[in-house]
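J.: Below is the structure I would like to discuss, written out as structure tokens.
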There are 2 protein chains.
Amino acid sequence: MNVPALDALTGALSKLPGVGSRSAARMAMKLASEPTRLIAPLLAALEETREHVRFCTRCGAFTDVGYNPCRLCTDPSRDGRLLCVVEDPGDMQTIEETGTFRGRYHALMGKISPMRGDGPNDIRLRELVRRVREEGVVEVVLALNTDLESESTAGFVTALLRERGVKVTRLAYGIPAGSGIRYTDAVTLERALAGRQEV
Amino acid sequence: MNVPALDALTGALSKLPGVGSRSAARMAMKLASEPTRLIAPLLAALEETREHVRFCTRCGAFTDVGYNPCRLCTDPSRDGRLLCVVEDPGDMQTIEETGTFRGRYHALMGKISPMRGDGPNDIRLRELVRRVREEGVVEVVLALNTDLESESTAGFVTALLRERGVKVTRLAYGIPAGSGIRYTDAVTLERALAGRQEV
């Protein structure tokens, strides 16, 4: 575009998840068109995020720098015997939005991925084992993704925790709500059949 | 999320074009996860954009504050007799990318939209008439969108310029490349038929 600042802005935006180069360019032009309405609040929020947002050193959730452990970890109304293991803080947020889980969380911050060279020591497994031991956890609920690497991470975590005598459960496999049999893949159907429940 | 900075960042990002609240939240979490790699360059680019990016006062394109009129307006290799009228600078960019237009541009910065209360005085029409008069423009190529308001804006611009004796053309209507007859709507087909060309 021959406007270096716009090109730099397009480049910085296109590193964000789900943002391709064309949509980054569109965002950059919109920002440049309305600096007061769009750039000023974004600058302030970015600076605020850099200064104030941290990962909770206990569960891995996003938290304000003034709350570590985070509010959820220290909330006495949450059941500390029930620990939900997720891959990242975003998943934690998604589960929280359902409003049905009353335990605490632990984010692994990734998964075991031989492809990317991430082994068991590259995710927060040691921390998980320590929490299970120290916090009186009775049941660990695995809420990992269902791709191959996540599944094998789940297997690894299960073995690790079982030998320490803690109960390990995982989210049910099945047909997603609002979907139809004919749109469901074979693997999911097979698992839904195997996990069929009496009505 | 109970992390005010992240909520503010999500809010600021969701004002960008094509960004819904869920994707804004995903972006915000990604930014918070990697402040050095993601926040720092974005902050720098936003500040740079705010300081350095302006609209060219002649054609309406984005330009560096040090180049006004913009590089394209002052490029002697461009044909000043041919002026392409677009709605906004982004459209200009899209046409430039084809590399086939050798004239200059004029962005209206909007369209006549009774719905939004934008009349002829709210877009850069006076500037267009003045440029046509002062810059020796022989042909104005309208490259406006094809929704109803854009079409009626095109009609208004055409009448305005014709009475000043300048030739007005518009981009051809027709079937987009890479598409098929069965995916083309009736209005487009009718226009493509009317504009059929001998082969």
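Residue numbers start at 1 in each chain; chains themselves are named A, B, ... in the order of the structure tokens; ligands are numbered from 1 in the order shown.
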Apply DSSP to the structure's backbone, then extract all residues of segment 23-198 of chain B labelled strand (DSSP E or B) and return them as a PyMOL selection string.

T.: chain B and resi 53-55+62-64+79-86+103-107+113+118+139-142+167-170

J.: Excluding His52 of chain A and any residue of its chain fewer than 4 positions from it, enumerate the residues within 6 Å of it, using only C-alpha atoms, and give them as an mmCIF file with all heavy atoms, in the first residue's frame.

T.:
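As written to disk, around_37.cif reads:
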data_model
loop_
_atom_site.group_PDB
_atom_site.id
_atom_site.type_symbol
_atom_site.label_atom_id
_atom_site.label_comp_id
_atom_site.auth_asym_id
_atom_site.auth_seq_id
_atom_site.Cartn_x
_atom_site.Cartn_y
_atom_site.Cartn_z
ATOM 1 N N GLU A 48 -2.965 -2.082 29.133
ATOM 2 C CA GLU A 48 -3.548 -2.601 30.366
ATOM 3 C C GLU A 48 -3.352 -4.119 30.458
ATOM 4 O O GLU A 48 -3.004 -4.658 31.513
ATOM 5 C CB GLU A 48 -5.044 -2.253 30.358
ATOM 6 C CG GLU A 48 -5.811 -2.639 31.585
ATOM 7 C CD GLU A 48 -5.589 -1.701 32.757
ATOM 8 O OE1 GLU A 48 -4.855 -0.704 32.605
ATOM 9 O OE2 GLU A 48 -6.139 -1.993 33.833
ATOM 10 N N ASP A 64 -5.822 -11.191 37.037
ATOM 11 C CA ASP A 64 -5.241 -9.881 37.239
ATOM 12 C C ASP A 64 -3.985 -10.054 38.095
ATOM 13 O O ASP A 64 -3.962 -10.896 39.000
ATOM 14 C CB ASP A 64 -6.247 -8.988 37.955
ATOM 15 C CG ASP A 64 -5.819 -7.543 37.931
ATOM 16 O OD1 ASP A 64 -4.947 -7.180 38.754
ATOM 17 O OD2 ASP A 64 -6.327 -6.780 37.102
ATOM 18 N N VAL A 65 -2.945 -9.262 37.778
ATOM 19 C CA VAL A 65 -1.675 -9.402 38.487
ATOM 20 C C VAL A 65 -1.853 -9.316 40.010
ATOM 21 O O VAL A 65 -1.087 -9.893 40.787
ATOM 22 C CB VAL A 65 -0.648 -8.365 37.958
ATOM 23 C CG1 VAL A 65 -1.055 -6.948 38.349
ATOM 24 C CG2 VAL A 65 0.758 -8.687 38.387
#

J.: For a quick check of understanding, using only C-alpha atoms, which of A:Glu151, A:Glu163, A:Glu139, A:Glu198 has the smallest distance to Leu83 of chain A?

T.: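 Using only C-alpha atoms, Leu83 of chain A sits closest to A:Glu139.
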
J.: What residues in chain B have any atom no more than 7 Å from chain A when counting only C-alpha atoms, and can you write them as a ChimeraX atom specification?

T.: /B:3,5-6,8-9,12-13,16-17,27,32,35,39,41-43,45-46,48-50,52-53,63-64

J.: As an exercise, work out the distance from atom CA of Gly136 of chain B to atom CA of Val85 of chain B in Å and give it to one decimal place.

T.: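 If I compute the distance from atom CA of Gly136 of chain B to atom CA of Val85 of chain B, I get 15.3 Å.
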
J.: If you count only C-alpha atoms, which residues fall within 12 Å of Pro114 of chain B, apart from same-chain ones fewer than 2 positions away, as a ChimeraX atom specification?

T.: /B:111-112,116-120,122,148-150,152-153

J.: Just the selected residues (N, CA and C atoms), exported as an mmCIF file, in the first residue's frame, please.

T.:
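Generated file (selection-v7.cif):
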data_model
loop_
_atom_site.group_PDB
_atom_site.id
_atom_site.type_symbol
_atom_site.label_atom_id
_atom_site.label_comp_id
_atom_site.auth_asym_id
_atom_site.auth_seq_id
_atom_site.Cartn_x
_atom_site.Cartn_y
_atom_site.Cartn_z
ATOM 1 N N LYS B 111 -21.283 6.709 0.410
ATOM 2 C CA LYS B 111 -22.241 6.762 -0.680
ATOM 3 C C LYS B 111 -23.461 7.518 -0.196
ATOM 4 N N ILE B 112 -24.310 7.930 -1.143
ATOM 5 C CA ILE B 112 -25.546 8.604 -0.764
ATOM 6 C C ILE B 112 -26.452 7.547 -0.138
ATOM 7 N N ARG B 116 -29.057 6.211 6.197
ATOM 8 C CA ARG B 116 -28.154 6.694 7.237
ATOM 9 C C ARG B 116 -28.103 8.209 7.294
ATOM 10 N N GLY B 117 -28.935 8.849 6.497
ATOM 11 C CA GLY B 117 -28.963 10.305 6.489
ATOM 12 C C GLY B 117 -27.781 10.933 5.774
ATOM 13 N N ASP B 118 -27.126 10.172 4.868
ATOM 14 C CA ASP B 118 -25.996 10.725 4.125
ATOM 15 C C ASP B 118 -26.446 11.186 2.743
ATOM 16 N N GLY B 119 -26.422 12.498 2.538
ATOM 17 C CA GLY B 119 -26.796 13.069 1.249
ATOM 18 C C GLY B 119 -25.579 13.370 0.400
ATOM 19 N N PRO B 120 -25.783 14.000 -0.767
ATOM 20 C CA PRO B 120 -24.688 14.312 -1.690
ATOM 21 C C PRO B 120 -23.584 15.154 -1.042
ATOM 22 N N ASP B 122 -22.475 14.840 1.918
ATOM 23 C CA ASP B 122 -21.731 14.082 2.925
ATOM 24 C C ASP B 122 -20.649 13.204 2.310
ATOM 25 N N LEU B 148 -28.133 -1.304 -3.864
ATOM 26 C CA LEU B 148 -29.073 -0.289 -4.316
ATOM 27 C C LEU B 148 -28.564 1.135 -4.093
ATOM 28 N N GLU B 149 -28.050 1.405 -2.878
ATOM 29 C CA GLU B 149 -27.589 2.765 -2.586
ATOM 30 C C GLU B 149 -26.389 3.152 -3.443
ATOM 31 N N SER B 150 -25.492 2.197 -3.691
ATOM 32 C CA SER B 150 -24.327 2.487 -4.520
ATOM 33 C C SER B 150 -24.755 2.766 -5.953
ATOM 34 N N SER B 152 -27.589 3.981 -6.915
ATOM 35 C CA SER B 152 -28.237 5.282 -7.067
ATOM 36 C C SER B 152 -27.214 6.398 -6.896
ATOM 37 N N THR B 153 -26.164 6.153 -6.100
ATOM 38 C CA THR B 153 -25.061 7.114 -6.024
ATOM 39 C C THR B 153 -24.395 7.246 -7.393
#

J.: Please extract the residues of segment 29-87 of chain A with a backbone DSSP assignment of alpha helix (DSSP H) and present them as a PyMOL selection string.

T.: chain A and resi 29-33+40-52+71-74

J.: Between A:Tyr105, A:Leu125, A:Lys167, A:Cys56, which is the closest to Asn68 of chain A once you count only C-alpha atoms?

T.: A:Cys56

J.: Could you check which of A:Ile123, A:Ala143, A:Val138, A:Val199 is closest to Leu171 of chain A, using only C-alpha atoms?

T.: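 Under the stated criterion, the closest residue is A:Ala143.
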
J.: Any idea what's packed within 12 Å of Ser77 of chain B, counting only C-alpha atoms, ignoring anything in its chain fewer than 6 positions away? Could you give it as a list in words?

T.: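 After dropping sequence-adjacent residues, the list is Arg71, Phe101, Arg102, Gly103 and Arg104 of chain B.
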
J.: What gap, in Å, lies between atom CA of Glu127 of chain B and atom CA of Asp147 of chain B?

T.: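 According to the coordinates, atom CA of Glu127 of chain B and atom CA of Asp147 of chain B are separated by 23.6 Å.
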